[in-house]
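File shown: entry.cif. Contents: mmCIF, C-alpha atoms and all ligand atoms.
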data_structure
#
loop_
_atom_site.label_atom_id
_atom_site.label_comp_id
_atom_site.auth_asym_id
_atom_site.auth_seq_id
_atom_site.Cartn_x
_atom_site.Cartn_y
_atom_site.Cartn_z
CA MET A 1 0.00 0.00 0.00
CA LYS A 2 1.13 3.53 -0.80
CA LYS A 3 1.51 6.38 1.68
CA ILE A 4 -1.73 8.38 1.89
CA THR A 5 -1.12 12.11 1.49
CA VAL A 6 -3.34 15.18 1.43
CA PRO A 7 -3.46 15.10 -2.43
CA THR A 8 -4.42 11.39 -2.23
CA ILE A 9 -7.35 12.27 0.04
CA SER A 10 -8.44 15.17 -2.19
CA SER A 11 -8.37 12.91 -5.25
CA MET A 12 -10.64 10.33 -3.60
CA LYS A 13 -13.75 12.57 -3.78
CA ASN A 14 -16.38 11.01 -6.06
CA LYS A 15 -14.09 8.00 -6.65
CA GLU A 16 -13.46 6.01 -3.47
CA LYS A 17 -14.81 6.21 0.05
CA ILE A 18 -12.39 7.62 2.62
CA VAL A 19 -11.99 5.68 5.86
CA MET A 20 -10.83 7.42 9.01
CA VAL A 21 -10.59 6.04 12.55
CA THR A 22 -9.22 7.43 15.76
CA ALA A 23 -6.21 6.03 17.62
CA TYR A 24 -4.49 7.18 20.79
CA ASP A 25 -1.54 4.76 21.15
CA ALA A 26 1.09 2.98 19.02
CA PRO A 27 -0.26 -0.63 18.99
CA THR A 28 -3.77 0.50 18.03
CA ALA A 29 -2.31 2.80 15.36
CA LYS A 30 -0.38 -0.17 13.94
CA ILE A 31 -3.52 -2.35 13.83
CA VAL A 32 -5.67 0.28 12.11
CA ASP A 33 -2.88 1.22 9.69
CA GLU A 34 -2.36 -2.43 8.74
CA SER A 35 -6.15 -2.79 8.35
CA GLY A 36 -6.00 -0.26 5.52
CA VAL A 37 -7.57 2.90 6.91
CA ASP A 38 -6.78 6.06 4.97
CA ILE A 39 -6.58 8.52 7.86
CA VAL A 40 -5.74 8.03 11.53
CA LEU A 41 -7.14 10.83 13.66
CA VAL A 42 -5.73 11.48 17.10
CA GLY A 43 -9.01 12.92 18.35
CA ASP A 44 -9.48 15.04 21.43
CA SER A 45 -12.01 12.28 22.15
CA VAL A 46 -8.95 10.95 24.02
CA GLY A 47 -10.55 12.92 26.89
CA ASN A 48 -13.65 10.70 27.10
CA VAL A 49 -12.24 7.53 25.60
CA ILE A 50 -8.86 7.20 27.36
CA GLN A 51 -8.86 9.69 30.23
CA GLY A 52 -12.37 8.87 31.46
CA ALA A 53 -13.38 12.55 31.44
CA PRO A 54 -17.03 13.56 30.94
CA ASN A 55 -16.13 15.56 27.80
CA THR A 56 -13.18 16.74 25.70
CA LEU A 57 -12.77 20.15 27.31
CA SER A 58 -9.97 19.29 29.74
CA VAL A 59 -7.63 17.84 27.09
CA THR A 60 -4.43 19.88 26.81
CA MET A 61 -2.04 20.58 23.95
CA ASP A 62 0.74 18.66 25.76
CA GLU A 63 -1.50 15.60 26.13
CA MET A 64 -2.41 15.73 22.44
CA ILE A 65 1.29 16.07 21.52
CA TYR A 66 2.09 12.96 23.61
CA HIS A 67 -0.70 10.86 22.05
CA THR A 68 0.04 12.01 18.49
CA LYS A 69 3.74 11.23 18.94
CA ILE A 70 3.06 7.65 20.04
CA VAL A 71 0.40 7.09 17.36
CA PHE A 72 2.93 8.23 14.73
CA ARG A 73 5.22 5.34 15.75
CA GLY A 74 2.54 2.82 14.75
CA ILE A 75 1.78 4.25 11.30
CA LYS A 76 3.33 3.38 7.94
CA ASN A 77 0.80 4.29 5.25
CA ALA A 78 -2.17 6.19 6.69
CA HIS A 79 -2.34 9.98 6.82
CA LEU A 80 -1.97 11.26 10.39
CA CYS A 81 -4.26 14.08 11.51
CA ALA A 82 -4.16 15.67 14.98
CA ASP A 83 -7.13 17.32 16.64
CA MET A 84 -6.63 20.85 18.00
CA PRO A 85 -7.90 20.68 21.61
CA PHE A 86 -10.16 23.23 23.33
CA MET A 87 -8.37 26.59 23.80
CA SER A 88 -5.45 25.68 21.50
CA PHE A 89 -6.91 27.81 18.67
CA GLN A 90 -9.79 29.79 20.17
CA THR A 91 -7.57 32.35 21.94
CA SER A 92 -5.95 33.88 18.84
CA LYS A 93 -4.81 33.15 15.30
CA GLN A 94 -1.21 33.33 16.54
CA ASP A 95 -1.88 30.64 19.16
CA ALA A 96 -3.63 28.53 16.52
CA VAL A 97 -0.66 28.70 14.11
CA ARG A 98 1.83 28.08 16.94
CA ASN A 99 -0.08 25.03 18.22
CA ALA A 100 -0.74 23.60 14.75
CA GLY A 101 3.01 24.06 14.15
CA ARG A 102 3.81 22.13 17.34
CA PHE A 103 1.88 19.12 16.00
CA ILE A 104 3.86 19.18 12.75
CA LYS A 105 7.28 19.81 14.34
CA GLU A 106 7.00 17.63 17.44
CA THR A 107 4.81 14.63 16.50
CA GLY A 108 4.83 13.58 12.85
CA ALA A 109 1.23 14.74 12.28
CA GLU A 110 0.59 15.74 8.67
CA SER A 111 -2.52 17.86 9.22
CA VAL A 112 -4.66 19.31 11.99
CA LYS A 113 -8.42 19.30 12.54
CA LEU A 114 -10.37 22.06 14.19
CA GLU A 115 -14.00 22.36 15.21
CA THR A 116 -15.15 25.19 13.02
CA THR A 117 -17.66 28.00 13.27
CA GLN A 118 -17.84 31.26 11.30
CA ASP A 119 -15.46 32.71 13.92
CA TYR A 120 -12.59 30.42 12.85
CA ILE A 121 -12.56 30.84 9.07
CA ASP A 122 -9.64 33.27 9.33
CA THR A 123 -7.93 30.86 11.71
CA ILE A 124 -8.05 28.15 9.02
CA ARG A 125 -6.61 30.70 6.56
CA ALA A 126 -3.77 31.56 8.95
CA ILE A 127 -2.84 27.91 9.56
CA ARG A 128 -2.99 27.19 5.81
CA LYS A 129 -0.77 30.19 5.14
CA SER A 130 1.91 28.55 7.27
CA GLY A 131 1.71 25.47 5.03
CA ILE A 132 -0.20 23.17 7.37
CA PRO A 133 -3.16 21.22 5.92
CA VAL A 134 -6.42 21.70 7.81
CA MET A 135 -9.49 19.50 8.23
CA GLY A 136 -12.66 21.36 9.25
CA HIS A 137 -15.35 19.97 11.55
CA ILE A 138 -18.98 21.17 11.61
CA GLY A 139 -22.35 20.02 12.92
CA LEU A 140 -22.05 18.65 16.44
CA ARG A 141 -18.89 20.19 17.87
CA PRO A 142 -18.09 18.44 21.17
CA GLN A 143 -15.93 21.38 22.35
CA SER A 144 -19.14 23.47 22.33
CA VAL A 145 -21.11 20.96 24.41
CA HIS A 146 -22.18 23.60 26.94
CA ASP A 147 -23.14 26.08 24.25
CA MET A 148 -25.19 23.40 22.44
CA GLY A 149 -26.83 22.16 25.65
CA GLY A 150 -25.59 18.60 25.18
CA TYR A 151 -24.62 16.18 22.42
CA LYS A 152 -27.57 16.81 20.10
CA VAL A 153 -28.15 16.28 16.40
CA GLN A 154 -27.47 19.61 14.65
CA GLY A 155 -28.95 21.24 11.56
CA THR A 156 -32.54 20.18 12.26
CA GLU A 157 -34.02 23.64 12.98
CA LYS A 158 -35.35 25.90 10.22
CA GLY A 159 -32.50 27.81 8.53
CA GLU A 160 -29.73 25.80 10.21
CA GLY A 161 -29.17 23.59 7.16
CA ALA A 162 -28.58 26.57 4.87
CA LYS A 163 -26.15 28.06 7.42
CA LEU A 164 -24.15 24.81 7.57
CA ILE A 165 -23.99 24.64 3.74
CA SER A 166 -22.67 28.17 3.57
CA LEU A 167 -20.19 27.50 6.40
CA ALA A 168 -18.92 24.40 4.56
CA LYS A 169 -18.31 26.56 1.45
CA GLU A 170 -16.41 29.13 3.51
CA ILE A 171 -14.28 26.39 5.04
CA GLU A 172 -13.44 25.10 1.55
CA ASN A 173 -12.62 28.64 0.37
CA ALA A 174 -10.37 29.17 3.39
CA GLY A 175 -8.26 26.25 2.15
CA ALA A 176 -9.32 23.22 4.22
CA PHE A 177 -8.64 19.90 2.45
CA SER A 178 -11.52 17.96 4.02
CA LEU A 179 -14.45 18.42 6.34
CA VAL A 180 -15.90 16.30 9.15
CA LEU A 181 -19.70 16.36 9.38
CA GLU A 182 -20.85 15.21 12.81
CA SER A 183 -24.41 14.28 13.83
CA ILE A 184 -26.49 16.00 11.19
CA PRO A 185 -29.44 14.64 9.14
CA HIS A 186 -28.25 12.49 6.24
CA LYS A 187 -30.11 14.58 3.62
CA LEU A 188 -28.29 17.70 4.79
CA ALA A 189 -24.95 15.84 4.75
CA LYS A 190 -25.69 14.84 1.14
CA LYS A 191 -26.41 18.47 0.20
CA ILE A 192 -23.21 19.69 1.86
CA THR A 193 -21.18 16.91 0.20
CA ARG A 194 -22.55 17.94 -3.22
CA SER A 195 -22.03 21.67 -2.57
CA ILE A 196 -18.28 21.52 -2.02
CA ASN A 197 -15.26 20.10 -3.85
CA ILE A 198 -13.39 18.89 -0.78
CA PRO A 199 -14.25 15.46 0.70
CA THR A 200 -16.68 15.24 3.61
CA ILE A 201 -16.09 12.62 6.29
CA GLY A 202 -19.21 11.75 8.24
CA ILE A 203 -19.88 10.55 11.76
CA GLY A 204 -23.59 10.26 12.37
CA ALA A 205 -24.15 12.00 9.03
CA GLY A 206 -25.44 9.14 6.85
CA PRO A 207 -24.10 7.22 3.88
CA GLU A 208 -23.74 10.00 1.30
CA CYS A 209 -20.62 11.59 2.75
CA ASP A 210 -17.33 11.01 0.90
CA GLY A 211 -16.01 9.03 3.85
CA GLN A 212 -16.77 7.82 7.34
CA VAL A 213 -15.05 8.09 10.70
CA LEU A 214 -15.61 6.21 13.96
CA VAL A 215 -13.88 6.23 17.32
CA ILE A 216 -11.86 2.98 17.44
CA HIS A 217 -13.04 2.03 20.96
CA ASP A 218 -16.66 2.31 19.77
CA LEU A 219 -16.21 0.25 16.60
CA VAL A 220 -14.39 -2.62 18.32
CA GLY A 221 -16.78 -2.66 21.26
CA LEU A 222 -14.40 -1.52 23.98
CA SER A 223 -16.46 1.54 24.94
CA GLU A 224 -19.09 1.27 27.62
CA GLU A 225 -22.76 1.25 26.52
CA PRO A 226 -24.93 3.15 25.73
CA LEU A 227 -23.36 4.29 22.50
CA PRO A 228 -24.71 6.92 20.09
CA LYS A 229 -27.16 5.67 17.38
CA PHE A 230 -24.52 6.21 14.67
CA VAL A 231 -22.04 3.70 16.13
CA LYS A 232 -21.84 0.20 14.65
CA LYS A 233 -20.02 -2.27 16.90
CA TYR A 234 -17.96 -4.63 14.72
CA ALA A 235 -16.68 -6.69 17.67
CA ASN A 236 -17.11 -7.01 21.41
CA ILE A 237 -13.59 -6.51 22.73
CA ARG A 238 -14.96 -5.44 26.12
CA GLU A 239 -16.49 -8.90 26.56
CA ILE A 240 -13.32 -10.65 25.35
CA MET A 241 -11.10 -8.62 27.74
CA THR A 242 -13.42 -9.19 30.69
CA LYS A 243 -13.55 -12.95 30.02
CA ALA A 244 -9.74 -13.21 29.71
CA THR A 245 -9.12 -11.14 32.85
CA LYS A 246 -11.68 -13.16 34.86
CA GLU A 247 -9.96 -16.40 33.78
CA PHE A 248 -6.59 -14.99 34.90
CA VAL A 249 -8.09 -13.96 38.26
CA ASN A 250 -9.51 -17.49 38.76
CA GLU A 251 -6.35 -19.29 37.69
CA VAL A 252 -4.12 -17.21 39.97
CA ARG A 253 -6.48 -17.80 42.87
CA ASN A 254 -6.80 -21.55 42.29
CA GLY A 255 -3.09 -22.06 41.55
CA ALA A 256 -3.54 -23.10 37.89
CA PHE A 257 -1.36 -20.19 36.75
CA PRO A 258 1.57 -20.22 36.35
CA SER A 259 2.01 -23.88 35.38
CA SER A 260 5.42 -25.37 34.51
CA GLU A 261 4.81 -24.16 30.92
CA HIS A 262 5.06 -20.55 32.11
CA SER A 263 7.84 -21.08 34.69
CA TYR A 264 11.65 -21.18 34.31
CA ASP A 265 13.63 -24.32 35.26
O1 LIG B 1 -12.25 13.76 18.64
C1 LIG B 1 -12.64 12.95 17.78
O2 LIG B 1 -12.41 11.73 17.89
C2 LIG B 1 -13.37 13.46 16.63
C3 LIG B 1 -13.95 12.49 15.66
C4 LIG B 1 -14.98 11.63 16.25
C5 LIG B 1 -14.39 13.14 14.41
O3 LIG B 1 -13.47 14.63 16.49
#

Could you write out this file's structure as structure tokens?
Amino acid sequence: MKKITVPTISSMKNKEKIVMVTAYDAPTAKIVDESGVDIVLVGDSVGNVIQGAPNTLSVTMDEMIYHTKIVFRGIKNAHLCADMPFMSFQTSKQDAVRNAGRFIKETGAESVKLETTQDYIDTIRAIRKSGIPVMGHIGLRPQSVHDMGGYKVQGTEKGEGAKLISLAKEIENAGAFSLVLESIPHKLAKKITRSINIPTIGIGAGPECDGQVLVIHDLVGLSEEPLPKFVKKYANIREIMTKATKEFVNEVRNGAFPSSEHSYD
């Protein structure tokens, strides 16, 4: 398999579906890379998924740098995108460029993603101007959970759809190479996908996006239930891990482990 670059991803629109998954550590990155995903995203979902936090808001730039660095070590072919955490780009364009630059210089990331509203179009422009590829993210923006009053489907109210279409166009014009659409009605996602020339990558946005993304712990069944409607569990790793650990607990307690097979002479 060939290395996936930003031009590769751009060229996939209307030709092949783009597959993106999250990863937060080297062994998982190696598994998803070898499974053929196109993009590995080090999401700020690390807050909920790995750190056990109630949301993504507490995730820091230094934590994201650490996770992106170790994910990079597991990747050979996939494109590596790092998520800009809360307050790494909201404070000023200068901070945004500096922090996006840290990802590129310190971790091996090849692009950055930022949750985008009208207020951050110029921020995308500034990061692009420094030569760093940017992925936009609209619809449900977990960093705005308090503003949105929870994790709710977006774009359902009158006029909201048109606003999201126009925002998507602005994001494209500002130079983003792709756009995540999170938790919006599938018909709206289809309209957005057809209105812009950059690929859309959906999560809870239906089948007509140019690609799909899921959080790895959700798709392999390691996350705790309940999961959002848009998640499909392709395995039940939680059950497998619990069963294996329970067997270990029993065998240690009843003396079956370690046997001579696992002991040195
Ligand atoms: O943080 C994250 O993992 C994300 C994806 C789910 C798109 O933003």

Using only C-alpha atoms and all ligand atoms, I'd like a table of the residues in chain A that come within 10 Å of ligand LIG 1 (chain B); for each, show the closest atom pair and its distance in Å rounded to one decimal, ordered by chain and ascending number, as a Markdown table.
| residue | atom | partner | partner_atom | distance |
| --- | --- | --- | --- | --- |
| A:Met20 | CA | B:LIG1 | C5 | 8.6 |
| A:Val21 | CA | B:LIG1 | C3 | 7.9 |
| A:Thr22 | CA | B:LIG1 | O2 | 5.8 |
| A:Ala23 | CA | B:LIG1 | O2 | 8.4 |
| A:Tyr24 | CA | B:LIG1 | O2 | 9.6 |
| A:Val40 | CA | B:LIG1 | O2 | 9.9 |
| A:Leu41 | CA | B:LIG1 | O2 | 6.8 |
| A:Val42 | CA | B:LIG1 | O2 | 6.7 |
| A:Gly43 | CA | B:LIG1 | O1 | 3.4 |
| A:Asp44 | CA | B:LIG1 | O1 | 4.1 |
| A:Ser45 | CA | B:LIG1 | O1 | 3.8 |
| A:Val46 | CA | B:LIG1 | O1 | 6.9 |
| A:Gly47 | CA | B:LIG1 | O1 | 8.5 |
| A:Asn48 | CA | B:LIG1 | O1 | 9.1 |
| A:Val49 | CA | B:LIG1 | O2 | 8.8 |
| A:Thr56 | CA | B:LIG1 | O1 | 7.7 |
| A:Ala82 | CA | B:LIG1 | O1 | 9.1 |
| A:Asp83 | CA | B:LIG1 | O1 | 6.5 |
| A:Met84 | CA | B:LIG1 | O1 | 9.1 |
| A:Pro85 | CA | B:LIG1 | O1 | 8.7 |
| A:Lys113 | CA | B:LIG1 | O3 | 7.9 |
| A:Leu114 | CA | B:LIG1 | O3 | 8.4 |
| A:Glu115 | CA | B:LIG1 | O3 | 7.9 |
| A:Gly136 | CA | B:LIG1 | C5 | 9.9 |
| A:His137 | CA | B:LIG1 | C5 | 7.5 |
| A:Ile138 | CA | B:LIG1 | C5 | 9.7 |
| A:Leu140 | CA | B:LIG1 | O3 | 9.5 |
| A:Arg141 | CA | B:LIG1 | O3 | 7.9 |
| A:Pro142 | CA | B:LIG1 | O3 | 7.6 |
| A:Gln143 | CA | B:LIG1 | O1 | 9.2 |
| A:Leu179 | CA | B:LIG1 | C5 | 9.6 |
| A:Val180 | CA | B:LIG1 | C5 | 6.3 |
| A:Leu181 | CA | B:LIG1 | C5 | 8.0 |
| A:Glu182 | CA | B:LIG1 | C5 | 7.0 |
| A:Ile201 | CA | B:LIG1 | C5 | 8.3 |
| A:Gly202 | CA | B:LIG1 | C5 | 8.0 |
| A:Ile203 | CA | B:LIG1 | C5 | 6.6 |
| A:Gly204 | CA | B:LIG1 | C4 | 9.5 |
| A:Gln212 | CA | B:LIG1 | C5 | 9.2 |
| A:Val213 | CA | B:LIG1 | C5 | 6.3 |
| A:Leu214 | CA | B:LIG1 | C4 | 5.9 |
| A:Val215 | CA | B:LIG1 | C4 | 5.6 |
| A:Ile216 | CA | B:LIG1 | O2 | 8.8 |

For a test of reading the model, state the distance in Å between CA of Thr91 in chain A and CA of Lys152 in chain A, rounded to one decimal.
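Atom-to-atom, CA of Thr91 in chain A to CA of Lys152 in chain A, that is 25.4 Å.
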
Can you work out which one of A:Thr107, A:Ser178, A:Thr156, A:Asn99 has the shortest atom-to-atom distance to Pro7 in chain A, counting only C-alpha atoms?
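Closest residue, counting only C-alpha atoms: A:Ser178.
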
Which polymer residues have any atom within 8 Å of an atom of Ser195 in chain A, counting only C-alpha atoms, with same-chain residues fewer than 2 positions away left out, as a compact mmCIF listing (two decimals) with C-alpha atoms, keeping the file's coordinate frame?
# COMPACT_ATOMS: atom_id res chain seq x y z
CA ILE A 165 -23.99 24.64 3.74
CA LYS A 169 -18.31 26.56 1.45
CA LYS A 191 -26.41 18.47 0.20
CA ILE A 192 -23.21 19.69 1.86
CA THR A 193 -21.18 16.91 0.20
CA ASN A 197 -15.26 20.10 -3.85

Around the point (-8.5, 30.3, 7.3), in the coordinates given by the file, pick out the residues reaching within 10 Å, counting all atoms listed in the file, and return them as a ChimeraX atom specification.
/A:93,119-129,134,170-176

Could you tell me how far CA of Phe89 in chain A lies from CA of Glu160 in chain A, in Å and to one decimal?
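Spanning CA of Phe89 in chain A to CA of Glu160 in chain A is a straight-line distance of 24.4 Å.
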
Have a look at CA of Lys2 in chain A and CA of Asp38 in chain A and let me know their distance in Å, one decimal.
10.1 Å

For range 118-177 of chain A of the structure just presented, write C-alpha atoms to a file, as a PDB file, in the first residue's frame.
ATOM      1  CA  GLN A 118     -17.837  31.260  11.304  1.00  0.00           C
ATOM      2  CA  ASP A 119     -15.465  32.708  13.922  1.00  0.00           C
ATOM      3  CA  TYR A 120     -12.586  30.418  12.853  1.00  0.00           C
ATOM      4  CA  ILE A 121     -12.556  30.837   9.066  1.00  0.00           C
ATOM      5  CA  ASP A 122      -9.642  33.273   9.329  1.00  0.00           C
ATOM      6  CA  THR A 123      -7.926  30.858  11.709  1.00  0.00           C
ATOM      7  CA  ILE A 124      -8.049  28.151   9.024  1.00  0.00           C
ATOM      8  CA  ARG A 125      -6.612  30.698   6.557  1.00  0.00           C
ATOM      9  CA  ALA A 126      -3.768  31.564   8.948  1.00  0.00           C
ATOM     10  CA  ILE A 127      -2.842  27.907   9.564  1.00  0.00           C
ATOM     11  CA  ARG A 128      -2.992  27.191   5.812  1.00  0.00           C
ATOM     12  CA  LYS A 129      -0.769  30.191   5.144  1.00  0.00           C
ATOM     13  CA  SER A 130       1.908  28.550   7.269  1.00  0.00           C
ATOM     14  CA  GLY A 131       1.709  25.471   5.028  1.00  0.00           C
ATOM     15  CA  ILE A 132      -0.201  23.174   7.372  1.00  0.00           C
ATOM     16  CA  PRO A 133      -3.155  21.216   5.922  1.00  0.00           C
ATOM     17  CA  VAL A 134      -6.422  21.698   7.814  1.00  0.00           C
ATOM     18  CA  MET A 135      -9.492  19.497   8.229  1.00  0.00           C
ATOM     19  CA  GLY A 136     -12.663  21.363   9.247  1.00  0.00           C
ATOM     20  CA  HIS A 137     -15.352  19.968  11.553  1.00  0.00           C
ATOM     21  CA  ILE A 138     -18.975  21.172  11.606  1.00  0.00           C
ATOM     22  CA  GLY A 139     -22.353  20.022  12.920  1.00  0.00           C
ATOM     23  CA  LEU A 140     -22.048  18.651  16.440  1.00  0.00           C
ATOM     24  CA  ARG A 141     -18.885  20.187  17.871  1.00  0.00           C
ATOM     25  CA  PRO A 142     -18.094  18.441  21.169  1.00  0.00           C
ATOM     26  CA  GLN A 143     -15.933  21.377  22.353  1.00  0.00           C
ATOM     27  CA  SER A 144     -19.137  23.469  22.329  1.00  0.00           C
ATOM     28  CA  VAL A 145     -21.114  20.957  24.408  1.00  0.00           C
ATOM     29  CA  HIS A 146     -22.177  23.599  26.940  1.00  0.00           C
ATOM     30  CA  ASP A 147     -23.144  26.075  24.254  1.00  0.00           C
ATOM     31  CA  MET A 148     -25.191  23.404  22.444  1.00  0.00           C
ATOM     32  CA  GLY A 149     -26.832  22.162  25.655  1.00  0.00           C
ATOM     33  CA  GLY A 150     -25.594  18.598  25.181  1.00  0.00           C
ATOM     34  CA  TYR A 151     -24.622  16.182  22.422  1.00  0.00           C
ATOM     35  CA  LYS A 152     -27.574  16.809  20.103  1.00  0.00           C
ATOM     36  CA  VAL A 153     -28.150  16.276  16.396  1.00  0.00           C
ATOM     37  CA  GLN A 154     -27.469  19.608  14.651  1.00  0.00           C
ATOM     38  CA  GLY A 155     -28.954  21.239  11.558  1.00  0.00           C
ATOM     39  CA  THR A 156     -32.542  20.184  12.256  1.00  0.00           C
ATOM     40  CA  GLU A 157     -34.024  23.636  12.977  1.00  0.00           C
ATOM     41  CA  LYS A 158     -35.346  25.895  10.217  1.00  0.00           C
ATOM     42  CA  GLY A 159     -32.496  27.805   8.534  1.00  0.00           C
ATOM     43  CA  GLU A 160     -29.727  25.798  10.207  1.00  0.00           C
ATOM     44  CA  GLY A 161     -29.167  23.595   7.164  1.00  0.00           C
ATOM     45  CA  ALA A 162     -28.582  26.568   4.869  1.00  0.00           C
ATOM     46  CA  LYS A 163     -26.153  28.058   7.415  1.00  0.00           C
ATOM     47  CA  LEU A 164     -24.152  24.815   7.565  1.00  0.00           C
ATOM     48  CA  ILE A 165     -23.992  24.640   3.742  1.00  0.00           C
ATOM     49  CA  SER A 166     -22.670  28.173   3.566  1.00  0.00           C
ATOM     50  CA  LEU A 167     -20.185  27.498   6.402  1.00  0.00           C
ATOM     51  CA  ALA A 168     -18.925  24.400   4.557  1.00  0.00           C
ATOM     52  CA  LYS A 169     -18.311  26.560   1.450  1.00  0.00           C
ATOM     53  CA  GLU A 170     -16.409  29.132   3.512  1.00  0.00           C
ATOM     54  CA  ILE A 171     -14.278  26.386   5.041  1.00  0.00           C
ATOM     55  CA  GLU A 172     -13.445  25.104   1.554  1.00  0.00           C
ATOM     56  CA  ASN A 173     -12.622  28.638   0.372  1.00  0.00           C
ATOM     57  CA  ALA A 174     -10.370  29.169   3.390  1.00  0.00           C
ATOM     58  CA  GLY A 175      -8.259  26.249   2.150  1.00  0.00           C
ATOM     59  CA  ALA A 176      -9.322  23.217   4.223  1.00  0.00           C
ATOM     60  CA  PHE A 177      -8.638  19.899   2.448  1.00  0.00           C
TER      61      PHE A 177
END
